[in-house]
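Here is the file data_5.cif (mmCIF, C-alpha atoms and all ligand atoms).
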```cif
data_structure
#
loop_
_atom_site.label_atom_id
_atom_site.label_comp_id
_atom_site.auth_asym_id
_atom_site.auth_seq_id
_atom_site.Cartn_x
_atom_site.Cartn_y
_atom_site.Cartn_z
CA MET K 1 6.45 19.45 1.59
CA GLN K 2 8.91 18.78 -1.19
CA ALA K 3 7.81 18.37 -4.79
CA PRO K 4 6.19 14.99 -5.41
CA THR K 5 8.55 12.69 -7.20
CA HIS K 6 9.07 9.01 -6.97
CA SER K 7 12.35 9.03 -8.83
CA GLU K 8 14.07 7.34 -5.92
CA PRO K 9 14.23 3.59 -6.45
CA SER K 10 13.25 1.55 -3.42
CA HIS K 11 13.11 -2.25 -3.53
CA GLY K 12 13.58 -2.49 -7.25
CA HIS K 13 11.27 -4.93 -8.96
CA LEU K 14 9.89 -7.40 -6.43
CA THR K 15 7.89 -10.38 -7.58
CA ALA K 16 7.21 -12.33 -4.38
CA PRO K 17 4.38 -11.09 -2.19
CA SER K 18 5.28 -9.33 1.02
CA PRO K 19 5.19 -11.70 4.02
CA TRP K 20 3.10 -9.03 5.81
CA VAL K 21 0.50 -9.19 3.07
CA GLU K 22 0.55 -12.98 3.11
CA ARG K 23 0.14 -13.03 6.85
CA PHE K 24 -2.92 -10.80 6.99
CA ALA K 25 -4.68 -11.31 3.66
CA SER K 26 -7.13 -13.68 5.33
CA LEU K 27 -8.60 -10.69 7.24
CA ALA K 28 -10.46 -9.81 4.03
CA PRO K 29 -13.84 -11.46 3.49
CA ALA K 30 -13.59 -14.28 0.96
CA GLY K 31 -14.30 -13.20 -2.59
CA GLY K 32 -14.57 -9.51 -1.75
CA ALA K 33 -13.15 -6.83 -4.02
CA ALA K 34 -9.49 -5.91 -3.46
CA LEU K 35 -7.78 -2.61 -4.24
CA ASP K 36 -4.02 -2.46 -4.78
CA LEU K 37 -2.96 1.17 -4.82
CA ALA K 38 0.31 1.95 -6.64
CA CYS K 39 0.44 -1.72 -7.54
CA GLY K 40 3.47 -1.58 -9.80
CA ALA K 41 3.92 -4.80 -11.75
CA GLY K 42 1.18 -6.35 -9.67
CA ARG K 43 2.80 -8.89 -7.37
CA HIS K 44 -0.06 -8.42 -4.89
CA VAL K 45 -2.71 -8.17 -7.57
CA ARG K 46 -1.69 -11.67 -8.66
CA TYR K 47 -1.59 -12.81 -5.07
CA VAL K 48 -5.12 -11.67 -4.25
CA ARG K 49 -6.42 -12.99 -7.57
CA ALA K 50 -5.02 -16.40 -6.64
CA ARG K 51 -6.95 -16.09 -3.37
CA GLY K 52 -10.18 -15.51 -5.29
CA HIS K 53 -10.63 -11.74 -5.01
CA PRO K 54 -11.54 -9.55 -7.96
CA ALA K 55 -8.93 -6.79 -8.00
CA THR K 56 -8.61 -3.14 -8.90
CA ALA K 57 -5.05 -2.23 -9.86
CA VAL K 58 -4.08 1.42 -9.70
CA ASP K 59 -0.81 2.91 -10.90
CA ARG K 60 0.55 5.65 -13.14
CA ASP K 61 2.94 3.26 -14.86
CA GLY K 62 1.10 2.01 -17.92
CA ALA K 63 3.85 -0.41 -18.86
CA ALA K 64 3.63 -2.10 -15.46
CA LEU K 65 -0.17 -2.25 -15.65
CA ALA K 66 -0.04 -3.77 -19.12
CA ALA K 67 1.13 -7.04 -17.61
CA LEU K 68 -2.21 -7.34 -15.80
CA THR K 69 -4.60 -6.70 -18.66
CA ASN K 70 -5.06 -10.34 -19.70
CA ASP K 71 -6.94 -11.17 -16.49
CA PRO K 72 -10.64 -10.22 -16.74
CA GLY K 73 -10.79 -10.27 -12.96
CA VAL K 74 -8.50 -7.25 -12.81
CA GLU K 75 -9.81 -3.74 -13.29
CA ILE K 76 -7.05 -1.40 -14.41
CA VAL K 77 -7.05 2.22 -13.26
CA HIS K 78 -4.20 4.04 -14.99
CA THR K 79 -3.87 7.33 -13.20
CA ASP K 80 -1.51 9.72 -11.46
CA LEU K 81 -2.49 9.66 -7.79
CA GLU K 82 -0.57 12.83 -7.00
CA ASP K 83 -1.75 15.26 -9.65
CA GLY K 84 -4.24 16.97 -7.36
CA GLY K 85 -7.21 15.41 -9.10
CA PRO K 86 -10.08 13.71 -7.31
CA TRP K 87 -9.60 10.38 -5.60
CA PRO K 88 -10.01 7.99 -8.55
CA LEU K 89 -12.16 5.42 -6.75
CA GLY K 90 -14.98 7.79 -5.81
CA GLN K 91 -17.21 6.37 -3.06
CA ARG K 92 -16.26 2.76 -3.76
CA ARG K 93 -15.42 0.51 -0.82
CA PHE K 94 -13.24 -2.59 -0.90
CA ALA K 95 -13.02 -5.76 1.16
CA LEU K 96 -9.24 -5.44 1.03
CA VAL K 97 -7.15 -2.30 0.53
CA LEU K 98 -3.46 -2.91 -0.07
CA VAL K 99 -0.65 -0.40 -0.23
CA THR K 100 2.99 -1.49 -0.27
CA ASN K 101 6.11 0.55 -0.80
CA TYR K 102 4.21 3.71 -1.63
CA LEU K 103 3.38 6.86 0.32
CA TRP K 104 1.62 10.02 -0.67
CA ARG K 105 0.36 11.50 2.56
CA PRO K 106 -2.64 13.44 1.22
CA LEU K 107 -4.18 10.08 0.20
CA LEU K 108 -4.15 8.51 3.65
CA PRO K 109 -7.71 9.55 4.62
CA ALA K 110 -9.13 8.30 1.31
CA ILE K 111 -7.21 5.02 1.61
CA VAL K 112 -8.62 4.38 5.08
CA GLY K 113 -12.07 5.45 3.89
CA ALA K 114 -11.96 2.92 1.04
CA VAL K 115 -12.10 -0.02 3.45
CA ALA K 116 -15.60 -1.48 3.40
CA PRO K 117 -17.39 -2.41 6.61
CA GLY K 118 -16.02 -5.83 7.49
CA GLY K 119 -12.99 -5.26 5.25
CA ALA K 120 -9.29 -4.86 5.91
CA LEU K 121 -6.40 -2.51 5.25
CA ILE K 122 -2.88 -3.87 4.82
CA TYR K 123 -0.28 -1.13 4.47
CA GLU K 124 3.50 -1.50 4.48
CA THR K 125 6.08 1.05 3.44
CA PHE K 126 9.34 2.69 4.38
CA ALA K 127 9.72 4.56 7.63
CA ARG K 128 11.85 7.30 9.07
CA GLY K 129 15.37 6.01 9.56
CA ASN K 130 15.43 4.35 6.16
CA GLU K 131 17.72 7.10 4.92
CA LYS K 132 20.55 5.31 6.77
CA HIS K 133 20.06 2.25 4.58
CA GLY K 134 19.41 3.72 1.15
CA LYS K 135 16.39 4.93 -0.76
CA PRO K 136 13.80 6.17 -0.36
CA SER K 137 15.49 8.77 1.80
CA ASN K 138 13.24 11.74 1.06
CA PRO K 139 11.18 12.37 4.23
CA ASP K 140 8.09 12.85 2.07
CA PHE K 141 8.21 9.13 1.38
CA LEU K 142 9.07 7.94 4.90
CA LEU K 143 6.40 7.36 7.52
CA ARG K 144 6.77 9.18 10.81
CA PRO K 145 6.66 7.12 14.02
CA GLY K 146 3.08 6.03 14.62
CA GLU K 147 1.83 7.61 11.41
CA LEU K 148 -0.14 4.57 10.21
CA LEU K 149 -1.68 4.22 13.67
CA ASP K 150 -2.69 7.87 13.51
CA ALA K 151 -4.15 7.39 10.03
CA VAL K 152 -6.56 4.66 11.14
CA ALA K 153 -7.31 6.02 14.64
CA GLY K 154 -11.04 6.10 15.33
CA ARG K 155 -11.81 4.52 11.96
CA LEU K 156 -10.29 1.03 11.87
CA ARG K 157 -9.42 -1.53 14.53
CA VAL K 158 -5.70 -2.33 14.55
CA VAL K 159 -4.90 -6.04 14.31
CA ALA K 160 -1.12 -5.68 14.03
CA TYR K 161 1.42 -2.89 13.73
CA GLU K 162 5.20 -2.79 13.45
CA ASP K 163 7.79 -0.06 13.01
CA LEU K 164 11.16 -1.73 12.74
CA TYR K 165 14.34 -2.58 10.89
CA VAL K 166 14.18 -5.48 8.44
CA GLU K 167 16.98 -7.35 6.65
CA ARG K 168 14.89 -8.59 3.74
CA PRO K 169 14.20 -8.06 0.91
CA LYS K 170 16.86 -5.44 1.66
CA PRO K 171 18.00 -3.68 4.83
CA ALA K 172 15.34 -1.06 5.51
CA MET K 173 13.20 0.65 8.09
CA VAL K 174 9.57 -0.21 7.52
CA GLN K 175 6.26 0.55 9.16
CA ARG K 176 3.29 -1.71 8.56
CA ILE K 177 -0.24 -2.14 9.74
CA ALA K 178 -3.10 -4.56 9.38
CA ALA K 179 -6.45 -3.14 10.45
CA VAL K 180 -10.12 -3.91 9.97
CA ASN K 181 -13.26 -1.86 9.57
CA ALA K 182 -15.28 -3.25 12.45
CA SER K 183 -18.49 -1.44 11.59
CA GLU K 184 -21.38 -3.66 10.50
CA PRO K 185 -21.32 -4.64 6.80
C1 LIG X 201 8.15 0.90 -5.21
S1 LIG X 201 6.84 0.64 -6.36
C2 LIG X 201 5.78 -0.44 -5.40
C3 LIG X 201 4.93 -1.30 -6.28
C4 LIG X 201 4.06 -2.32 -5.54
N1 LIG X 201 3.15 -1.68 -4.60
C5 LIG X 201 4.91 -3.33 -4.81
O1 LIG X 201 5.07 -3.24 -3.58
O2 LIG X 201 5.45 -4.20 -5.50
C6 LIG X 201 5.95 2.19 -6.28
C7 LIG X 201 4.83 2.28 -7.29
O3 LIG X 201 4.17 3.51 -7.10
C8 LIG X 201 3.78 3.99 -8.35
N2 LIG X 201 3.58 5.43 -8.26
C9 LIG X 201 4.50 6.34 -7.89
N3 LIG X 201 3.98 7.56 -7.97
C10 LIG X 201 2.71 7.41 -8.41
C11 LIG X 201 1.67 8.32 -8.72
N4 LIG X 201 1.86 9.62 -8.60
N5 LIG X 201 0.48 7.84 -9.14
C12 LIG X 201 0.30 6.51 -9.28
N6 LIG X 201 1.26 5.59 -9.01
C13 LIG X 201 2.45 6.06 -8.60
C14 LIG X 201 4.93 3.64 -9.26
O4 LIG X 201 4.57 3.66 -10.62
C15 LIG X 201 5.30 2.27 -8.75
O5 LIG X 201 4.62 1.27 -9.46
#
```
Write out the structure in this file as structure tokens.
Ligand SMILES: C[S@@+](CC[C@H](N)C(=O)[O-])C[C@H]1O[C@@H](n2cnc3c(N)ncnc32)[C@H](O)[C@@H]1O
Amino acid sequence: MQAPTHSEPSHGHLTAPSPWVERFASLAPAGGAALDLACGAGRHVRYVRARGHPATAVDRDGAALAALTNDPGVEIVHTDLEDGGPWPLGQRRFALVLVTNYLWRPLLPAIVGAVAPGGALIYETFARGNEKHGKPSNPDFLLRPGELLDAVAGRLRVVAYEDLYVERPKPAMVQRIAAVNASEP
């Protein structure tokens, strides 16, 4: 595995929520706690707050997180997810776990494990083949075919999955999944 670095720009600074997130956000139980991992400037934190979820916003970029501090319904976790330290959320479980445009493979089991019984995972990021269209092009940051399906196998029930080329917000190869924890709450 190559050295962890996210120096490659991807979508730049997006403000609108992902249509995939909008489409499947209703899988999460109303009012349940949401986790946005590597949230950046918080486009999805704002989106889930508007839907009535308390939110936990995790990122290493303190300047990006600063824009979220005026909302008491947002818990800020300013941390480096790739420094080899413990998973920063401990045993906590969330009604909605969101990850968009971020991949650090060693975290996949913890991400899936953070979905509470009855809760949902919505994950969307770049996939193999994206190197033809721009960045990220480092294979460490590109999902392998079926990788999100493999990550949830035996743990979550898949509601929707895609691995395809998209034109917007820029030409890219993306893989995305929406899945629920069907065990009893
Ligand atoms: C392309 S942005 C995506 C932001 C947001 N999820 C979205 O879709 O708008 C990637 C985010 O991952 C964060 N990130 C990258 N490496 C990280 C690390 N090691 N620990 C925590 N966050 C990290 C960056 O700070 C950045 O905010």
Do you know which residues are at most 12 Å from Gly84 of chain K counting all atoms listed in the file, after dropping those on the same chain fewer than 4 positions away, and could you put them as a ChimeraX atom specification?
-> /K:4,79-80,88,104,106-107
For atom CA of Val45 of chain K and atom CA of Val152 of chain K, quote the distance in Å rounded to one decimal.
->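 Between atom CA of Val45 of chain K and atom CA of Val152 of chain K the gap works out to 23.0 Å.
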Using only C-alpha atoms and all ligand atoms, what are the residues with an atom within 9 Å of ligand LIG 201 (chain X), set out as JSON, numbers by chain?
-> {"K": [4, 5, 6, 7, 8, 9, 10, 11, 12, 13, 14, 15, 16, 17, 18, 36, 37, 38, 39, 40, 41, 42, 43, 44, 58, 59, 60, 61, 62, 64, 65, 78, 79, 80, 81, 82, 83, 98, 99, 100, 101, 102, 103, 104, 124, 125]}
Using all atoms listed in the file, which of the listed residues (K:Leu96, K:Thr56, K:Ser26, K:Gln175) sits closest to Leu121 of chain K?
-> K:Leu96
Which residue out of K:Arg49, K:Arg105, K:Lys132, K:Arg92 has the minimum interatomic distance to Pro72 of chain K when only C-alpha atoms are used?
-> K:Arg49
